[in-house]
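Just final30.cif here, mmCIF, C-alpha atoms and all ligand atoms:
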data_entry
#
loop_
_atom_site.label_atom_id
_atom_site.label_comp_id
_atom_site.auth_asym_id
_atom_site.auth_seq_id
_atom_site.Cartn_x
_atom_site.Cartn_y
_atom_site.Cartn_z
CA MET I 803 0.00 0.00 0.00
CA LEU I 804 1.04 3.55 -0.57
CA VAL I 805 1.29 5.61 2.63
CA VAL I 806 1.11 9.35 2.06
CA ILE I 807 1.72 11.61 5.04
CA LYS I 808 0.71 15.24 4.73
CA LYS I 809 1.54 18.08 7.10
CA ASP I 810 -1.99 18.72 8.28
CA TYR I 811 -5.68 18.23 7.64
CA GLU I 812 -5.84 20.87 4.88
CA GLU I 813 -3.02 19.31 2.88
CA MET I 814 -4.46 15.84 3.36
CA SER I 815 -7.86 17.05 2.16
CA ARG I 816 -6.39 18.79 -0.89
CA GLU I 817 -4.44 15.68 -1.88
CA GLY I 818 -7.53 13.48 -1.53
CA ALA I 819 -9.58 15.85 -3.68
CA LYS I 820 -6.78 15.93 -6.27
CA GLN I 821 -6.92 12.16 -6.58
CA ILE I 822 -10.70 12.11 -6.97
CA ALA I 823 -10.61 14.99 -9.47
CA GLY I 824 -7.90 13.18 -11.45
CA LEU I 825 -10.12 10.12 -11.78
CA VAL I 826 -13.21 12.16 -12.73
CA ARG I 827 -11.22 13.96 -15.45
CA LYS I 828 -9.72 10.74 -16.79
CA LYS I 829 -12.94 8.74 -16.62
CA PRO I 830 -15.98 11.07 -16.49
CA ASP I 831 -18.40 8.16 -16.03
CA CYS I 832 -16.43 6.61 -13.16
CA VAL I 833 -17.99 4.97 -10.11
CA ILE I 834 -16.97 6.50 -6.77
CA GLY I 835 -17.66 5.07 -3.34
CA PHE I 836 -18.16 7.92 -0.88
CA ALA I 837 -17.77 7.94 2.89
CA THR I 838 -19.31 10.06 5.63
CA GLY I 839 -17.79 11.25 8.91
CA SER I 840 -15.78 14.31 9.85
CA THR I 841 -12.61 13.15 8.08
CA PRO I 842 -13.64 13.62 4.43
CA LEU I 843 -15.39 16.98 4.98
CA GLY I 844 -12.34 19.05 3.99
CA MET I 845 -11.86 16.92 0.89
CA TYR I 846 -15.51 17.42 -0.08
CA ARG I 847 -15.15 21.19 0.39
CA GLU I 848 -12.17 21.10 -1.97
CA LEU I 849 -14.15 19.08 -4.54
CA ILE I 850 -16.91 21.71 -4.39
CA ARG I 851 -14.26 24.40 -4.94
CA LEU I 852 -12.88 22.50 -7.94
CA HIS I 853 -16.39 22.15 -9.35
CA ASN I 854 -17.05 25.90 -8.98
CA ALA I 855 -13.62 27.20 -9.94
CA GLU I 856 -12.57 24.72 -12.59
CA GLY I 857 -15.84 23.22 -13.75
CA LEU I 858 -15.02 19.73 -12.46
CA ASP I 859 -17.91 17.78 -13.97
CA PHE I 860 -19.69 15.11 -11.92
CA SER I 861 -22.71 14.74 -14.21
CA LYS I 862 -21.75 11.27 -15.44
CA VAL I 863 -20.33 9.96 -12.15
CA THR I 864 -22.13 7.14 -10.34
CA THR I 865 -21.83 7.07 -6.55
CA PHE I 866 -22.29 4.43 -3.88
CA ASN I 867 -22.10 5.33 -0.21
CA LEU I 868 -20.66 2.93 2.30
CA ASP I 869 -23.33 2.90 4.95
CA GLU I 870 -26.43 4.33 6.61
CA TYR I 871 -28.05 4.14 10.02
CA VAL I 872 -31.05 1.82 10.26
CA GLY I 873 -34.23 3.63 11.25
CA LEU I 874 -33.26 7.15 10.21
CA PRO I 875 -35.26 8.59 7.31
CA PRO I 876 -33.24 10.34 4.58
CA ALA I 877 -34.40 13.76 5.80
CA HIS I 878 -33.11 13.20 9.35
CA ASP I 879 -30.22 15.59 9.93
CA GLN I 880 -28.00 12.76 11.21
CA SER I 881 -28.73 10.37 8.34
CA TYR I 882 -25.90 9.79 5.92
CA HIS I 883 -28.28 10.72 3.09
CA TYR I 884 -28.63 14.14 4.60
CA PHE I 885 -24.90 14.37 5.24
CA MET I 886 -23.96 13.60 1.65
CA TRP I 887 -26.46 16.00 0.12
CA GLU I 888 -25.63 18.82 2.54
CA ASN I 889 -21.87 18.43 2.41
CA LEU I 890 -21.27 17.47 -1.21
CA PHE I 891 -23.98 16.42 -3.62
CA LYS I 892 -26.17 19.53 -3.59
CA HIS I 893 -23.11 21.69 -4.31
CA ILE I 894 -21.93 19.79 -7.39
CA ASN I 895 -23.66 18.68 -10.57
CA VAL I 896 -24.12 15.06 -9.62
CA ASN I 897 -27.08 13.34 -11.30
CA PRO I 898 -29.46 12.29 -8.47
CA SER I 899 -30.42 9.16 -10.40
CA LYS I 900 -26.78 8.02 -10.24
CA VAL I 901 -26.49 8.48 -6.45
CA HIS I 902 -26.83 5.38 -4.27
CA ILE I 903 -26.95 5.49 -0.48
CA PRO I 904 -28.18 2.54 1.60
CA MET I 905 -31.80 2.99 2.70
CA GLY I 906 -32.01 3.02 6.48
CA MET I 907 -35.79 2.72 6.28
CA ALA I 908 -35.82 -0.30 3.95
CA GLU I 909 -38.61 -2.68 4.98
CA ASP I 910 -36.76 -5.78 3.89
CA ILE I 911 -33.17 -5.02 4.79
CA GLU I 912 -31.79 -8.30 3.52
CA ALA I 913 -33.41 -7.83 0.10
CA PHE I 914 -32.20 -4.25 0.02
CA CYS I 915 -28.60 -5.32 0.73
CA GLU I 916 -28.73 -7.84 -2.12
CA TRP I 917 -30.12 -5.15 -4.42
CA TYR I 918 -27.33 -2.77 -3.41
CA GLU I 919 -24.65 -5.35 -4.20
CA ARG I 920 -26.33 -6.01 -7.57
CA LYS I 921 -26.41 -2.29 -8.40
CA ILE I 922 -22.66 -2.03 -7.75
CA VAL I 923 -22.02 -4.91 -10.15
CA GLU I 924 -24.40 -3.45 -12.76
CA ALA I 925 -22.56 -0.13 -12.55
CA GLY I 926 -19.37 -1.96 -13.47
CA GLY I 927 -17.91 -2.04 -9.95
CA ILE I 928 -16.47 0.79 -7.89
CA ASP I 929 -13.42 2.49 -9.39
CA LEU I 930 -12.37 4.38 -6.27
CA GLN I 931 -13.64 3.77 -2.75
CA ILE I 932 -13.08 6.50 -0.15
CA LEU I 933 -12.72 5.19 3.40
CA GLY I 934 -12.50 6.74 6.82
CA ILE I 935 -11.38 4.63 9.76
CA GLY I 936 -12.84 4.33 13.24
CA ALA I 937 -10.62 4.68 16.30
CA ASN I 938 -11.38 0.98 16.78
CA GLY I 939 -10.21 0.11 13.27
CA HIS I 940 -13.62 -0.19 11.65
CA ILE I 941 -14.11 0.62 7.98
CA ALA I 942 -17.62 1.72 7.07
CA PHE I 943 -19.61 0.08 9.89
CA ASN I 944 -17.61 -3.12 9.77
CA GLU I 945 -16.83 -3.20 13.45
CA PRO I 946 -14.04 -5.27 15.01
CA GLY I 947 -14.90 -8.93 14.57
CA SER I 948 -16.55 -8.42 11.18
CA SER I 949 -15.88 -11.16 8.69
CA LEU I 950 -13.17 -10.04 6.30
CA GLY I 951 -15.19 -11.55 3.45
CA SER I 952 -18.47 -9.90 4.43
CA ARG I 953 -20.94 -8.32 1.99
CA THR I 954 -23.48 -5.51 2.37
CA ARG I 955 -25.60 -6.31 5.43
CA ILE I 956 -27.04 -5.05 8.71
CA LYS I 957 -24.56 -4.66 11.56
CA THR I 958 -24.90 -3.89 15.25
CA LEU I 959 -22.82 -0.85 16.12
CA SER I 960 -20.20 -1.32 18.84
CA GLU I 961 -20.56 0.67 22.05
CA LYS I 962 -17.31 2.46 21.16
CA THR I 963 -18.73 3.63 17.84
CA ARG I 964 -22.06 4.64 19.40
CA LYS I 965 -20.17 6.69 22.01
CA ASP I 966 -17.93 8.25 19.34
CA ASN I 967 -21.02 9.28 17.36
CA ALA I 968 -23.13 10.34 20.35
CA ARG I 969 -21.86 13.91 19.95
CA PHE I 970 -24.12 14.24 16.92
CA PHE I 971 -27.29 13.22 18.77
CA LYS I 972 -29.21 14.67 21.72
CA ASN I 973 -28.30 11.74 23.95
CA MET I 974 -27.00 8.16 23.83
CA ALA I 975 -30.51 6.73 23.63
CA GLU I 976 -31.00 8.45 20.28
CA VAL I 977 -27.86 6.99 18.70
CA PRO I 978 -28.99 4.24 16.33
CA LYS I 979 -28.03 0.70 17.27
CA TYR I 980 -27.84 -0.75 13.78
CA ALA I 981 -26.55 0.24 10.39
CA ILE I 982 -26.55 -1.08 6.84
CA THR I 983 -22.98 -1.26 5.64
CA MET I 984 -21.05 -2.47 2.64
CA GLY I 985 -19.06 -5.49 3.71
CA VAL I 986 -15.30 -5.76 3.96
CA GLY I 987 -15.40 -8.07 0.93
CA THR I 988 -17.50 -5.54 -1.00
CA ILE I 989 -15.03 -2.77 -0.20
CA MET I 990 -12.04 -4.90 -1.21
CA GLU I 991 -13.53 -5.37 -4.70
CA ALA I 992 -13.18 -1.66 -5.49
CA ARG I 993 -10.39 -1.13 -8.02
CA GLN I 994 -8.73 1.46 -5.83
CA LEU I 995 -9.00 2.38 -2.14
CA LEU I 996 -8.27 5.75 -0.59
CA LEU I 997 -8.29 5.59 3.21
CA LEU I 998 -8.07 8.92 5.03
CA ALA I 999 -7.31 9.62 8.68
CA ASN I 1000 -6.26 12.66 10.63
CA GLY I 1001 -5.55 13.50 14.23
CA ALA I 1002 -3.87 11.76 17.16
CA GLY I 1003 -7.06 9.84 17.97
CA LYS I 1004 -6.48 7.74 14.84
CA ALA I 1005 -2.77 7.05 15.39
CA ASP I 1006 -3.28 3.61 16.98
CA ALA I 1007 -5.76 2.52 14.32
CA ILE I 1008 -3.38 3.68 11.56
CA SER I 1009 -0.41 1.94 13.14
CA ALA I 1010 -2.41 -1.31 13.23
CA THR I 1011 -3.72 -0.81 9.69
CA VAL I 1012 -0.37 -0.11 8.09
CA GLU I 1013 2.05 -2.15 10.20
CA GLY I 1014 0.01 -4.61 12.25
CA PRO I 1015 -1.02 -8.18 11.49
CA ILE I 1016 -4.13 -8.63 9.36
CA THR I 1017 -6.96 -9.42 11.72
CA ALA I 1018 -10.74 -9.15 11.95
CA LYS I 1019 -10.12 -7.42 15.29
CA CYS I 1020 -9.11 -4.42 13.20
CA PRO I 1021 -11.00 -4.74 9.91
CA ALA I 1022 -9.03 -1.91 8.27
CA THR I 1023 -5.91 -4.12 8.29
CA ILE I 1024 -7.35 -6.01 5.31
CA VAL I 1025 -6.42 -3.09 3.05
CA GLN I 1026 -2.84 -4.41 3.23
CA LEU I 1027 -4.00 -7.08 0.80
CA HIS I 1028 -5.42 -4.60 -1.73
CA ARG I 1029 -3.32 -4.05 -4.80
CA TYR I 1030 -4.08 -0.34 -5.13
CA ALA I 1031 -4.66 1.08 -1.67
CA THR I 1032 -3.50 4.52 -0.57
CA VAL I 1033 -3.48 5.51 3.09
CA LEU I 1034 -3.58 9.30 3.14
CA ILE I 1035 -3.01 10.74 6.60
CA ASP I 1036 -1.77 13.77 8.46
CA LYS I 1037 1.29 13.83 10.71
CA ALA I 1038 -0.71 13.35 13.90
CA ALA I 1039 -2.34 10.16 12.61
CA ALA I 1040 1.09 8.94 11.43
CA ALA I 1041 2.73 9.49 14.83
CA LYS I 1042 2.79 5.82 15.84
CA LEU I 1043 4.14 4.38 12.57
CA GLU I 1044 7.54 2.78 13.04
CA SER I 1045 8.83 2.76 9.48
CA SER I 1046 9.34 5.93 7.51
CA TYR I 1047 7.23 6.62 4.47
CA ASN I 1048 7.97 9.06 1.72
CA GLY I 1049 4.52 9.64 0.41
CA PHE I 1050 4.52 12.25 -2.32
P1 LIG L 1 -14.72 10.23 11.47
O1 LIG L 1 -15.29 8.76 11.36
O2 LIG L 1 -14.27 10.61 10.09
O3 LIG L 1 -15.86 11.06 11.96
O4 LIG L 1 -13.57 10.17 12.44
C1 LIG L 1 -14.62 7.82 10.59
C2 LIG L 1 -15.25 6.46 10.74
O5 LIG L 1 -15.79 6.17 11.83
O6 LIG L 1 -15.19 5.67 9.81
#

Since I need it in another form, could you write the structure as structure tokens?
Ligand code: PGA
Amino acid sequence: MLVVIKKDYEEMSREGAKQIAGLVRKKPDCVIGFATGSTPLGMYRELIRLHNAEGLDFSKVTTFNLDEYVGLPPAHDQSYHYFMWENLFKHINVNPSKVHIPMGMAEDIEAFCEWYERKIVEAGGIDLQILGIGANGHIAFNEPGSSLGSRTRIKTLSEKTRKDNARFFKNMAEVPKYAITMGVGTIMEARQLLLLANGAGKADAISATVEGPITAKCPATIVQLHRYATVLIDKAAAAKLESSYNGF
């Protein structure tokens, strides 16, 4: 894997946006897997800037988001639907019919998950999957212990993740207990992975992901097996890496 260490959050975000923009320019009808969370926000702001300033064209891009809380309607301000439209999609010229985000209100969740997997295949597979990482090493909502071959499915959120996300809700009781998430196996089928992390709170998870043994206890470690994975981090998140990495 390619480890790229940038000075700070702004530089990390700019580099991530540059990679996405490069793909969109090279392949206007590419398929991008988007992620939510605080980490990619700066990168999304930069993509919006590139759209406004340089006319970066998303009209032919197909998108698939990683995950969504079960039980939250799309209009809920903590749903990942809402997040993606507020923080990226409504500011660029993405075609709404090409946007896919798991449906937290799906009546038959199992059938929905199968449909989602089928849509990814029908779209030709994901060219570039953006990933954040949890402090506990989760990718999407594949919590520690998730099968490394898993597909899109419903998952119970760990207490650690619920506590980490409680800041966005009125109280713990309101934090959803379940989510629909692409599986680790689904993620690994993307042609390229771009995992972002910033801040000291992610240093342990990054150390495990880049230099630790591959284990379901830290699902992100599986990216070591991907042929084209980039781990794009700031200095604080890189603080516990033992080897030195040049990045670019
Ligand atoms: P964060 O979340 O970007 O808000 O830190 C990342 C994740 O939990 O995957």

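Using only C-alpha atoms, the residues found no farther than 8 Å from I:Pro904, other than those of its own chain fewer than 4 positions away, are Asn867, Leu868, Asp869, Glu870, Cys915, Tyr918, Ile982 and Thr983 of chain I.
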
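Among I:Tyr871, I:Val896, I:Met886, I:Leu995, the residue with the shortest atom-to-atom distance to I:Arg964, counting all atoms listed in the file, is I:Tyr871.
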
Once 8 Å is added on each side, what centre and edge lengths in Å to one decimal does the axis-aligned box around all listed atoms of ligand LIG 1 (chain L) have, as JSON?
{"center_x": -14.7, "center_y": 8.4, "center_z": 11.1, "size_x": 18.3, "size_y": 21.4, "size_z": 18.6}

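Counting all atoms listed in the file and comparing I:Leu874, I:Phe971, I:Gly824, I:Leu998, the residue that lies closest to I:Leu843 is I:Leu998.
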
For ligand LIG 1 (chain L), return the neighbouring residues as an MDAnalysis selection string (distance at most 10 Å; all atoms listed in the file). chainID I and resid 837:843 868:869 933:945 963:964 966:967 997:1001 1003:1004 1022

Selected residues written out with C-alpha atoms, as a PDB file, keeping the file's coordinate frame:
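Below is the file that was written, part-v2.pdb:
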ATOM      1  CA  ALA I 837     -17.770   7.940   2.890  1.00  0.00           C
ATOM      2  CA  THR I 838     -19.310  10.060   5.630  1.00  0.00           C
ATOM      3  CA  GLY I 839     -17.790  11.250   8.910  1.00  0.00           C
ATOM      4  CA  SER I 840     -15.780  14.310   9.850  1.00  0.00           C
ATOM      5  CA  THR I 841     -12.610  13.150   8.080  1.00  0.00           C
ATOM      6  CA  PRO I 842     -13.640  13.620   4.430  1.00  0.00           C
ATOM      7  CA  LEU I 843     -15.390  16.980   4.980  1.00  0.00           C
ATOM      8  CA  LEU I 868     -20.660   2.930   2.300  1.00  0.00           C
ATOM      9  CA  ASP I 869     -23.330   2.900   4.950  1.00  0.00           C
ATOM     10  CA  LEU I 933     -12.720   5.190   3.400  1.00  0.00           C
ATOM     11  CA  GLY I 934     -12.500   6.740   6.820  1.00  0.00           C
ATOM     12  CA  ILE I 935     -11.380   4.630   9.760  1.00  0.00           C
ATOM     13  CA  GLY I 936     -12.840   4.330  13.240  1.00  0.00           C
ATOM     14  CA  ALA I 937     -10.620   4.680  16.300  1.00  0.00           C
ATOM     15  CA  ASN I 938     -11.380   0.980  16.780  1.00  0.00           C
ATOM     16  CA  GLY I 939     -10.210   0.110  13.270  1.00  0.00           C
ATOM     17  CA  HIS I 940     -13.620  -0.190  11.650  1.00  0.00           C
ATOM     18  CA  ILE I 941     -14.110   0.620   7.980  1.00  0.00           C
ATOM     19  CA  ALA I 942     -17.620   1.720   7.070  1.00  0.00           C
ATOM     20  CA  PHE I 943     -19.610   0.080   9.890  1.00  0.00           C
ATOM     21  CA  ASN I 944     -17.610  -3.120   9.770  1.00  0.00           C
ATOM     22  CA  GLU I 945     -16.830  -3.200  13.450  1.00  0.00           C
ATOM     23  CA  THR I 963     -18.730   3.630  17.840  1.00  0.00           C
ATOM     24  CA  ARG I 964     -22.060   4.640  19.400  1.00  0.00           C
ATOM     25  CA  ASP I 966     -17.930   8.250  19.340  1.00  0.00           C
ATOM     26  CA  ASN I 967     -21.020   9.280  17.360  1.00  0.00           C
ATOM     27  CA  LEU I 997      -8.290   5.590   3.210  1.00  0.00           C
ATOM     28  CA  LEU I 998      -8.070   8.920   5.030  1.00  0.00           C
ATOM     29  CA  ALA I 999      -7.310   9.620   8.680  1.00  0.00           C
ATOM     30  CA  ASN I1000      -6.260  12.660  10.630  1.00  0.00           C
ATOM     31  CA  GLY I1001      -5.550  13.500  14.230  1.00  0.00           C
ATOM     32  CA  GLY I1003      -7.060   9.840  17.970  1.00  0.00           C
ATOM     33  CA  LYS I1004      -6.480   7.740  14.840  1.00  0.00           C
ATOM     34  CA  ALA I1022      -9.030  -1.910   8.270  1.00  0.00           C
TER      35      ALA I1022
END

Mind giving me the straight-line distance from atom CA of I:Ile922 to atom CA of I:Gln880 in Å, one decimal? 24.6 Å

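Considering the residues I:Ile894, I:Val833, I:Val977, I:Val1012 and counting all atoms listed in the file, I:Ile1035 has its shortest atom-to-atom contact with I:Val1012.
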
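Here atom CA of I:Glu1013 is placed at a distance of 7.9 Å from atom CA of I:Glu1044.
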
One decimal, Å: what's the distance from atom CA of I:Ala1018 over to atom CA of I:Ser952, could you say? 10.8 Å

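Of the residues listed (I:Val872, I:Leu890, I:Ala1007, I:Leu1027), I:Leu890 shows the shortest atom-to-atom separation from I:Arg851; distances use only C-alpha atoms.
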
List the spatial neighbours of I:Leu950 as an mmCIF file with C-alpha atoms, in the coordinates of the input - criterion: any atom at most 8 Å away, all atoms listed in the file, same-chain residues fewer than 2 positions off excluded.
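This went into result-v2.cif:
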data_model
loop_
_atom_site.group_PDB
_atom_site.id
_atom_site.type_symbol
_atom_site.label_atom_id
_atom_site.label_comp_id
_atom_site.auth_asym_id
_atom_site.auth_seq_id
_atom_site.Cartn_x
_atom_site.Cartn_y
_atom_site.Cartn_z
ATOM 1 C CA SER I 948 -16.550 -8.420 11.180
ATOM 2 C CA SER I 952 -18.470 -9.900 4.430
ATOM 3 C CA GLY I 985 -19.060 -5.490 3.710
ATOM 4 C CA VAL I 986 -15.300 -5.760 3.960
ATOM 5 C CA GLY I 987 -15.400 -8.070 0.930
ATOM 6 C CA ALA I 1018 -10.740 -9.150 11.950
ATOM 7 C CA PRO I 1021 -11.000 -4.740 9.910
ATOM 8 C CA ILE I 1024 -7.350 -6.010 5.310
#

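Distances to I:Gln994 were evaluated for I:Ile928, I:Phe970, I:Leu959, I:Ala908 using all atoms listed in the file, and the minimum falls at I:Ile928.
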
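Distance cut-off 12 Å, centre (-11.1, 10.9, -12.2), atoms counted only C-alpha atoms; the residues meeting this are Gly818, Ala819, Lys820, Gln821, Ile822, Ala823, Gly824, Leu825, Val826, Arg827, Lys828, Lys829, Pro830, Asp831, Cys832, Val833, Ile834, Leu849, Leu858, Asp859, Phe860, Lys862, Val863, Thr864, Asp929, Leu930 and Gln994 of chain I.
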
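Distance check against I:Ala1031 using all atoms listed in the file: of I:Ala981, I:Glu912, I:Gln931, I:Glu976, the minimum falls on I:Gln931.
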
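Excluding I:Ser1009 itself and same-chain residues fewer than 5 positions from it, the residues having an atom within 10 Å of it are Gly939, Lys1004, Gly1014, Thr1023, Ala1039, Ala1040, Ala1041, Lys1042, Leu1043, Glu1044 and Ser1045 of chain I, counting only C-alpha atoms.
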